[in-house]
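Q: Sharing entry_31.tsv (TSV, C-alpha atoms) below.
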```tsv
chain	number	residue	atom	x	y	z
W	23	MET	CA	-17.47	-9.74	20.05
W	24	GLN	CA	-19.86	-6.83	19.64
W	25	PRO	CA	-18.19	-3.39	19.88
W	26	GLU	CA	-20.06	-0.81	21.93
W	27	ALA	CA	-21.69	1.97	19.94
W	28	LEU	CA	-19.93	4.83	21.74
W	29	SER	CA	-16.52	3.20	21.34
W	30	VAL	CA	-17.13	2.62	17.62
W	31	LEU	CA	-18.24	6.22	17.09
W	32	SER	CA	-15.17	7.51	18.90
W	33	THR	CA	-12.72	5.36	16.94
W	34	VAL	CA	-14.33	5.97	13.53
W	35	GLY	CA	-14.55	9.69	14.31
W	36	SER	CA	-10.85	9.86	15.17
W	37	VAL	CA	-9.93	8.14	11.90
W	38	PHE	CA	-11.89	10.61	9.79
W	39	LEU	CA	-10.58	13.55	11.84
W	40	VAL	CA	-7.04	12.58	10.83
W	41	ILE	CA	-8.23	12.50	7.20
W	42	ALA	CA	-9.69	15.98	7.74
W	43	VAL	CA	-6.31	17.16	9.06
W	44	GLY	CA	-4.80	16.06	5.74
W	45	GLY	CA	-7.40	18.11	3.88
W	46	LEU	CA	-6.71	21.17	6.02
W	47	ALA	CA	-2.97	20.73	5.57
W	48	ARG	CA	-3.48	20.83	1.81
W	49	LYS	CA	-5.83	23.82	2.04
W	50	TRP	CA	-3.28	25.76	4.09
W	51	LYS	CA	-0.46	24.58	1.76
W	52	TRP	CA	1.41	22.70	4.48
W	53	ILE	CA	1.50	19.69	2.13
W	54	ALA	CA	2.27	20.56	-1.47
W	55	SER	CA	0.67	18.43	-4.17
W	56	ASP	CA	4.16	17.81	-5.56
W	57	ALA	CA	4.90	15.85	-2.37
W	58	ASP	CA	2.05	13.35	-2.89
W	59	ARG	CA	4.02	10.87	-4.95
W	60	SER	CA	7.05	10.83	-2.63
W	61	LEU	CA	4.87	10.53	0.50
W	62	ALA	CA	2.85	7.72	-1.09
W	63	ILE	CA	6.05	5.87	-2.04
W	64	LEU	CA	7.47	6.40	1.46
W	65	THR	CA	4.30	5.05	3.05
W	66	LYS	CA	3.97	2.03	0.77
W	67	SER	CA	7.67	1.18	0.50
W	68	VAL	CA	8.94	1.89	4.03
W	69	LEU	CA	6.31	2.63	6.66
W	70	MET	CA	3.71	-0.06	5.87
W	71	PRO	CA	6.33	-2.82	5.32
W	72	ALA	CA	7.88	-1.87	8.66
W	73	LEU	CA	4.49	-2.21	10.34
W	74	PHE	CA	3.87	-5.60	8.73
W	75	PHE	CA	7.36	-6.90	9.54
W	76	HIS	CA	7.28	-5.87	13.20
W	77	ARG	CA	3.80	-7.23	13.88
W	78	ILE	CA	4.46	-10.60	12.24
W	79	MET	CA	7.85	-10.96	13.95
W	80	THR	CA	6.43	-10.20	17.39
W	81	ASP	CA	2.95	-11.75	17.31
W	82	PRO	CA	3.02	-14.77	19.65
W	83	ASN	CA	-0.21	-16.22	18.27
W	84	LEU	CA	0.73	-16.30	14.58
W	85	SER	CA	0.45	-19.76	13.09
W	86	MET	CA	3.27	-20.84	10.76
W	87	ARG	CA	1.20	-23.48	9.01
W	88	MET	CA	0.39	-23.18	5.32
W	89	ASP	CA	-3.21	-22.24	6.14
W	90	ALA	CA	-1.82	-19.02	7.62
W	91	TRP	CA	-1.75	-17.78	4.00
W	92	LEU	CA	-5.45	-18.44	3.45
W	93	PRO	CA	-6.36	-14.77	4.20
W	94	ALA	CA	-4.22	-13.72	1.21
W	95	VAL	CA	-6.32	-15.99	-1.02
W	96	TYR	CA	-9.49	-14.35	0.32
W	97	GLY	CA	-7.95	-10.89	-0.18
W	98	PHE	CA	-7.13	-11.63	-3.80
W	99	GLY	CA	-10.52	-13.19	-4.47
W	100	CYS	CA	-12.53	-10.38	-2.87
W	101	THR	CA	-10.57	-7.71	-4.73
W	102	ALA	CA	-10.33	-9.34	-8.15
W	103	GLY	CA	-13.95	-10.45	-7.90
W	104	GLY	CA	-15.02	-6.96	-6.83
W	105	ILE	CA	-13.31	-5.35	-9.81
W	106	LEU	CA	-14.82	-7.84	-12.26
W	107	ILE	CA	-18.33	-7.53	-10.78
W	108	ALA	CA	-18.16	-3.72	-10.74
W	109	GLY	CA	-16.91	-3.77	-14.34
W	110	SER	CA	-19.73	-6.07	-15.47
W	111	ILE	CA	-22.33	-3.83	-13.82
W	112	ALA	CA	-20.79	-0.70	-15.36
W	113	LYS	CA	-20.87	-2.34	-18.79
W	114	GLY	CA	-24.41	-3.65	-18.35
W	115	ILE	CA	-26.31	-0.75	-16.77
W	116	GLY	CA	-23.69	1.96	-16.34
W	117	SER	CA	-24.94	4.12	-19.19
W	118	GLY	CA	-28.13	4.80	-17.23
W	119	PHE	CA	-25.99	6.12	-14.36
W	120	GLY	CA	-23.63	8.35	-16.31
W	121	VAL	CA	-20.95	5.69	-16.83
W	122	ARG	CA	-20.87	5.58	-20.63
W	123	THR	CA	-17.35	5.66	-22.09
W	124	ASP	CA	-14.68	2.97	-21.92
W	125	SER	CA	-12.60	5.20	-19.66
W	126	GLN	CA	-15.53	5.74	-17.29
W	127	ARG	CA	-16.27	2.02	-17.13
W	128	ARG	CA	-12.64	1.17	-16.42
W	129	THR	CA	-12.48	3.82	-13.71
W	130	PHE	CA	-15.72	2.71	-12.09
W	131	ALA	CA	-14.69	-0.95	-12.07
W	132	PHE	CA	-11.28	-0.17	-10.58
W	133	CYS	CA	-12.45	2.28	-7.90
W	134	ALA	CA	-15.70	0.60	-6.87
W	135	GLY	CA	-14.16	-2.87	-6.89
W	136	ILE	CA	-11.41	-2.15	-4.34
W	137	ASP	CA	-12.40	-1.37	-0.77
W	138	ASN	CA	-10.25	0.57	1.67
W	139	TYR	CA	-7.96	-2.20	2.89
W	140	GLY	CA	-5.32	-0.39	4.90
W	141	TYR	CA	-5.60	3.07	6.35
W	142	ILE	CA	-9.13	2.81	7.80
W	143	PRO	CA	-9.40	-0.94	8.62
W	144	PHE	CA	-6.14	-1.12	10.60
W	145	PRO	CA	-7.06	1.30	13.40
W	146	LEU	CA	-10.53	-0.25	13.59
W	147	ALA	CA	-9.10	-3.76	13.81
W	148	GLU	CA	-6.60	-2.63	16.43
W	149	ALA	CA	-9.42	-1.22	18.53
W	150	PHE	CA	-12.09	-3.91	18.21
W	151	PHE	CA	-10.51	-7.09	16.83
W	152	PRO	CA	-6.84	-7.01	17.92
W	153	ALA	CA	-6.36	-10.74	17.37
W	154	SER	CA	-7.15	-10.26	13.67
W	155	VAL	CA	-4.58	-7.54	12.87
W	156	VAL	CA	-1.90	-9.91	11.53
W	157	THR	CA	-4.58	-11.77	9.57
W	158	LEU	CA	-5.56	-8.41	8.04
W	159	MET	CA	-1.93	-7.83	7.02
W	160	ILE	CA	-1.77	-11.18	5.24
W	161	TYR	CA	-5.19	-10.51	3.67
W	162	ASN	CA	-3.70	-7.29	2.30
W	163	VAL	CA	-0.97	-9.23	0.51
W	164	GLY	CA	-3.72	-10.77	-1.59
W	165	VAL	CA	-5.38	-7.40	-2.13
W	166	ASP	CA	-2.09	-5.88	-3.32
W	167	THR	CA	-1.56	-8.80	-5.69
W	168	ALA	CA	-5.01	-8.29	-7.19
W	169	LEU	CA	-4.55	-4.50	-7.38
W	170	TRP	CA	-1.26	-4.76	-9.29
W	171	SER	CA	-2.50	-7.51	-11.63
W	172	VAL	CA	-6.23	-7.43	-12.35
W	173	GLY	CA	-6.59	-3.82	-11.18
W	174	LEU	CA	-3.65	-2.49	-13.15
W	175	TYR	CA	-4.82	-4.34	-16.24
W	176	VAL	CA	-8.28	-2.75	-15.95
W	177	ILE	CA	-7.20	0.83	-15.26
W	178	SER	CA	-4.26	0.93	-17.68
W	179	GLY	CA	-5.10	-1.58	-20.39
W	180	GLN	CA	-1.59	-3.02	-20.07
W	181	GLY	CA	-1.02	-6.74	-20.48
W	182	LEU	CA	-0.74	-8.80	-17.31
W	183	ASN	CA	2.90	-9.61	-18.10
W	184	ALA	CA	3.78	-5.98	-17.38
W	185	CYS	CA	2.40	-6.28	-13.83
W	186	TRP	CA	4.26	-9.24	-12.34
W	187	LYS	CA	7.43	-7.33	-11.53
W	188	ARG	CA	5.42	-4.85	-9.45
W	189	ILE	CA	3.80	-7.73	-7.58
W	190	LEU	CA	6.95	-9.71	-6.85
W	191	LEU	CA	8.94	-6.64	-5.81
W	192	SER	CA	6.15	-5.12	-3.71
W	193	PRO	CA	7.78	-4.02	-0.40
W	194	PRO	CA	4.78	-5.05	1.77
W	195	LEU	CA	4.83	-8.52	0.19
W	196	LEU	CA	8.60	-8.83	0.66
W	197	ALA	CA	8.29	-7.72	4.30
W	198	VAL	CA	5.61	-10.35	4.98
W	199	LEU	CA	7.58	-13.11	3.24
W	200	LEU	CA	10.79	-12.26	5.11
W	201	ALA	CA	9.07	-12.10	8.50
W	202	VAL	CA	7.21	-15.38	7.93
W	203	CYS	CA	10.41	-17.11	6.77
W	204	LEU	CA	12.29	-15.91	9.86
W	205	ARG	CA	9.46	-17.14	12.10
W	206	GLN	CA	9.24	-20.43	10.22
W	207	THR	CA	12.97	-21.12	10.59
W	208	GLN	CA	12.95	-19.87	14.21
W	209	PHE	CA	15.51	-17.18	13.45
W	210	ASP	CA	13.18	-14.54	14.84
W	211	GLY	CA	14.70	-15.00	18.28
W	212	TRP	CA	18.12	-14.09	16.89
W	213	PHE	CA	16.98	-11.04	14.96
W	214	PRO	CA	18.62	-7.77	16.14
W	215	VAL	CA	16.37	-5.98	18.61
W	216	PRO	CA	17.35	-2.44	17.45
W	217	ILE	CA	16.08	-3.23	13.94
W	218	LEU	CA	12.80	-4.52	15.33
W	219	GLN	CA	12.45	-1.39	17.46
W	220	ALA	CA	13.17	0.81	14.44
W	221	CYS	CA	10.49	-1.08	12.46
W	222	GLN	CA	8.07	-0.55	15.33
W	223	GLN	CA	8.65	3.20	15.32
W	224	LEU	CA	8.38	3.45	11.54
W	225	GLY	CA	5.26	1.30	11.54
W	226	LYS	CA	3.55	3.63	14.00
W	227	CYS	CA	3.84	6.40	11.39
W	228	SER	CA	2.23	4.41	8.58
W	229	ILE	CA	-1.47	4.75	9.35
W	230	PRO	CA	-1.44	8.47	10.28
W	231	MET	CA	0.66	9.27	7.21
W	232	GLY	CA	-1.68	7.33	4.93
W	233	LEU	CA	-4.77	8.99	6.38
W	234	ILE	CA	-3.28	12.47	6.09
W	235	LEU	CA	-2.25	11.84	2.49
W	236	SER	CA	-5.74	10.53	1.71
W	237	GLY	CA	-7.28	13.70	3.12
W	238	ALA	CA	-4.96	15.87	1.05
W	239	ILE	CA	-5.81	14.01	-2.16
W	240	ILE	CA	-9.56	14.17	-1.48
W	241	TYR	CA	-9.33	17.91	-0.85
W	242	ASP	CA	-7.68	18.45	-4.24
W	243	TYR	CA	-10.87	17.42	-5.98
W	244	ALA	CA	-13.44	18.65	-3.47
W	245	GLU	CA	-13.97	21.98	-5.23
W	246	LYS	CA	-13.70	20.77	-8.82
W	247	PHE	CA	-16.90	18.85	-9.24
W	248	HIS	CA	-20.56	19.61	-8.86
W	249	TRP	CA	-22.77	17.00	-7.25
W	250	GLY	CA	-25.40	17.67	-9.89
W	251	ARG	CA	-23.11	16.08	-12.49
W	252	ILE	CA	-21.95	13.07	-10.53
W	253	TRP	CA	-24.92	12.03	-8.42
W	254	ARG	CA	-25.85	9.17	-10.76
W	255	PRO	CA	-22.40	7.48	-10.70
W	256	PHE	CA	-22.46	8.05	-6.94
W	257	VAL	CA	-25.78	6.19	-6.61
W	258	LEU	CA	-24.41	3.28	-8.64
W	259	ALA	CA	-21.25	3.28	-6.50
W	260	ILE	CA	-23.34	3.02	-3.32
W	261	ALA	CA	-25.29	0.08	-4.75
W	262	VAL	CA	-22.12	-1.76	-5.78
W	263	ARG	CA	-19.54	-0.80	-3.14
W	264	MET	CA	-21.79	-0.41	-0.09
W	265	VAL	CA	-24.51	-3.02	-0.74
W	266	LEU	CA	-23.78	-5.72	-3.34
W	267	LEU	CA	-20.08	-6.39	-2.69
W	268	PRO	CA	-20.41	-6.31	1.13
W	269	ALA	CA	-23.22	-8.87	0.86
W	270	GLY	CA	-20.86	-11.16	-1.06
W	271	ILE	CA	-18.08	-10.66	1.49
W	272	LEU	CA	-20.45	-11.45	4.36
W	273	LEU	CA	-21.43	-14.70	2.65
W	274	LEU	CA	-17.74	-15.62	2.58
W	275	THR	CA	-17.62	-15.49	6.39
W	276	MET	CA	-19.60	-18.74	6.32
W	277	SER	CA	-16.87	-20.45	4.29
W	278	THR	CA	-14.24	-20.38	7.06
W	279	ASP	CA	-14.02	-21.45	10.71
W	280	SER	CA	-11.19	-18.99	11.43
W	281	MET	CA	-12.48	-16.29	13.77
W	282	PRO	CA	-9.70	-13.76	12.87
W	283	LEU	CA	-10.51	-14.20	9.17
W	284	LYS	CA	-14.23	-13.80	9.85
W	285	GLU	CA	-13.47	-10.55	11.69
W	286	VAL	CA	-11.27	-9.30	8.84
W	287	LEU	CA	-14.00	-10.02	6.30
W	288	LEU	CA	-16.57	-8.27	8.49
W	289	VAL	CA	-14.41	-5.14	8.76
W	290	GLN	CA	-13.64	-5.16	5.02
W	291	ALA	CA	-17.32	-5.48	4.15
W	292	ALA	CA	-17.93	-2.20	6.01
W	293	MET	CA	-15.30	-0.27	4.09
W	294	PRO	CA	-15.83	2.43	1.45
W	295	ALA	CA	-13.79	2.55	-1.74
W	296	ALA	CA	-10.02	2.86	-1.32
W	297	THR	CA	-8.41	6.24	-1.96
W	298	PHE	CA	-5.25	5.01	-3.71
W	299	PRO	CA	-7.11	4.01	-6.93
W	300	MET	CA	-7.93	7.70	-7.38
W	301	VAL	CA	-4.19	8.39	-7.60
W	302	MET	CA	-3.75	5.60	-10.17
W	303	THR	CA	-6.72	6.91	-12.15
W	304	ARG	CA	-4.95	10.24	-12.49
W	305	LEU	CA	-1.66	8.50	-13.32
W	306	TYR	CA	-3.20	6.54	-16.23
W	307	ASP	CA	-5.32	9.43	-17.54
W	308	GLN	CA	-8.70	7.81	-16.92
W	309	ASP	CA	-11.90	9.53	-15.78
W	310	ILE	CA	-11.05	11.35	-12.53
W	311	GLU	CA	-14.62	12.65	-12.14
W	312	ILE	CA	-16.00	9.11	-11.87
W	313	ALA	CA	-13.17	8.20	-9.49
W	314	TRP	CA	-14.02	11.18	-7.28
W	315	ALA	CA	-17.73	10.26	-7.20
W	316	VAL	CA	-16.94	6.68	-6.17
W	317	VAL	CA	-14.12	7.28	-3.69
W	318	VAL	CA	-15.18	10.50	-2.01
W	319	GLY	CA	-18.90	9.71	-2.12
W	320	THR	CA	-18.59	6.31	-0.46
W	321	SER	CA	-16.02	7.65	2.03
W	322	PHE	CA	-18.37	10.36	3.26
W	323	LEU	CA	-21.23	7.89	3.51
W	324	ALA	CA	-18.99	5.51	5.46
W	325	ILE	CA	-18.74	8.02	8.31
W	326	LEU	CA	-22.35	7.05	9.07
W	327	THR	CA	-22.40	3.43	7.94
W	328	ILE	CA	-19.20	2.08	9.58
W	329	PRO	CA	-20.39	2.70	13.17
W	330	LEU	CA	-23.76	1.08	12.42
W	331	TRP	CA	-22.05	-1.82	10.69
W	332	LEU	CA	-19.56	-2.57	13.46
W	333	VAL	CA	-22.23	-2.33	16.16
W	334	PHE	CA	-24.89	-4.55	14.57
W	335	ALA	CA	-23.17	-6.85	12.04
W	336	PRO	CA	-21.19	-8.90	14.62
W	337	VAL	CA	-24.46	-9.86	16.35
W	338	TYR	CA	-25.60	-11.75	13.25
W	339	TRP	CA	-22.36	-12.77	11.54
W	340	LEU	CA	-19.91	-13.66	14.34
W	341	PRO	CA	-20.52	-16.48	16.81
W	342	ARG	CA	-21.16	-15.30	20.36
```
Any chance you could give the structure as structure tokens?

A:
Amino acid sequence: MQPEALSVLSTVGSVFLVIAVGGLARKWKWIASDADRSLAILTKSVLMPALFFHRIMTDPNLSMRMDAWLPAVYGFGCTAGGILIAGSIAKGIGSGFGVRTDSQRRTFAFCAGIDNYGYIPFPLAEAFFPASVVTLMIYNVGVDTALWSVGLYVISGQGLNACWKRILLSPPLLAVLLAVCLRQTQFDGWFPVPILQACQQLGKCSIPMGLILSGAIIYDYAEKFHWGRIWRPFVLAIAVRMVLLPAGILLLTMSTDSMPLKEVLLVQAAMPAATFPMVMTRLYDQDIEIAWAVVVGTSFLAILTIPLWLVFAPVYWLPR
């Protein structure tokens, strides 16, 4: 499937307009910075799990075979591999691009290695590759696992043993496991309809809430940094996040015959850096200036690159 250019521009534009609303809400003090943590927890622990649970429980095309979990393996591999590759590049040539200290290298590896895997890809997948949305959800289970293991180790320096509880008790993971188990045992037909309807309504809030929160967080740092100081890390971020890692993800599309997984990989290859790592960078007292250069810089560039990517990439990388 090749999305039409005008449709792609419209959808991508609407996504970034919602992000802009979040920035304006912060500017006009409609969203206080003190609310960020609670809104992020609400989104990750309630709204996104509700979305995952409802879609998996109601998708008639979802396979219950073991290979249904293959997207999670790809999600973990792309994310963990991205962090490690970005870290190796930062250690090898980062000093020439303003990435010199251990904190800067950790921040660059963490932020450049993780692409935006939720708030931007979901509305795009809904619009252009609807059959791949559940596959994207399962892919995200792998991304979350990598974020809270390899990613947390890199950004915090904590041992991996300190991360497993976060992984196993992750609400999105638990929601996916519960929904898949209910489908596998054919109890989904007996599940109370009011609960499913409540999950549907909560799930509809997840993407807008995440986009608005992302806009608010980006606005917080928009006036703090001067592009003259961070243009070199930004250039390195473009090379890693927008060129090198997408090329690797595109090569992975040739390793699977699953069309939904190919579509998920294609969408993920088009993504800028995720915004949530910027929050974790602040939480673990790492270099927020490098995080801002990577996350905000690639996000602004993605306004131009995502439409081009989704129009032309399917011609060459997805079977007609």

Q: With all atoms listed in the file as the counted atoms, please give the residues lying no more than 6 Å from segment 314-327 of chain W, apart from itself and same-chain residues fewer than 3 positions off, as an MDAnalysis selection string.

A: chainID W and resid 256 259 294:295 311 330:331

Q: From the list W:Asp81, W:Asp279, W:Asp166, W:Asp124, which residue is nearest Tyr139 of chain W when using only C-alpha atoms?

A: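 That would be W:Asp166, the residue with the smallest distance to Tyr139 of chain W.
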
Q: Which of these residues is nearest to Pro194 of chain W, using only C-alpha atoms: W:Phe98, W:Phe334, W:Phe298, W:Tyr161?

A: W:Tyr161

Q: Any idea what's packed within 9 Å of segment 112-123 of chain W, counting all atoms listed in the file, ignoring anything in its chain fewer than 4 positions away? Could you give it as an MDAnalysis selection string?

A: chainID W and resid 107:108 127:128 130:131 251:258 312

Q: Could you tell me which of W:Ala90, W:Leu235, W:Leu169, W:Leu61 comes closest to Gln206 of chain W if we count all atoms listed in the file?

A: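 Of all the options, W:Ala90 lies closest to Gln206 of chain W.
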
Q: When you count all atoms listed in the file, which of these residues is closest to Val43 of chain W: W:Ile111, W:Ala94, W:Val215, W:Ile239?

A: W:Ile239

Q: Excluding same-chain residues fewer than 2 positions from segment 197-201 of chain W, what lies within 12 Å of it counting all atoms listed in the file, as number ranges by chain?

A: W: 66-81, 84, 86, 90-91, 94, 156-164, 190-195, 203-211, 213, 218, 221, 225

Q: Which residues come within 12 Å of segment 34-38 of chain W, counting only C-alpha atoms, excluding same-chain residues fewer than 5 positions away, as a count of residues only?

A: 41

Q: Just checking: using all atoms listed in the file, which residue out of W:Ile310, W:Thr65, W:Ala261, W:Met276 ends up closest to Ala244 of chain W?

A: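 Comparing W:Ile310, W:Thr65, W:Ala261, W:Met276 against Ala244 of chain W, the winner is W:Ile310.
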
Q: I'd like the contact shell of Gly104 of chain W - 9 Å cut-off, all atoms listed in the file, skipping same-chain residues fewer than 3 positions apart - returned as a PyMOL selection string.

A: chain W and resi 99-101+107-109+131-132+134-137+262-263+267

Q: For Met264 of chain W, which of W:Leu31, W:Ala291, W:Leu305, W:Ala102 is the closest residue, counting only C-alpha atoms?

A: W:Ala291

Q: Figure out the distance between atom CA of Val95 of chain W and atom CA of Tyr175 of chain W, please, to one decimal in Å.

A: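 Going from atom CA of Tyr175 of chain W over to atom CA of Val95 of chain W covers 19.2 Å.
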
Q: Grab the atom CA of Gln222 of chain W to atom CA of Ser60 of chain W distance for me, in Å with one decimal place.

A: 21.3 Å

Q: Work out how far atom CA of Val286 of chain W is from atom CA of Leu274 of chain W, in Å to one decimal.

A: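 Between atom CA of Leu274 of chain W and atom CA of Val286 of chain W the gap works out to 11.0 Å.
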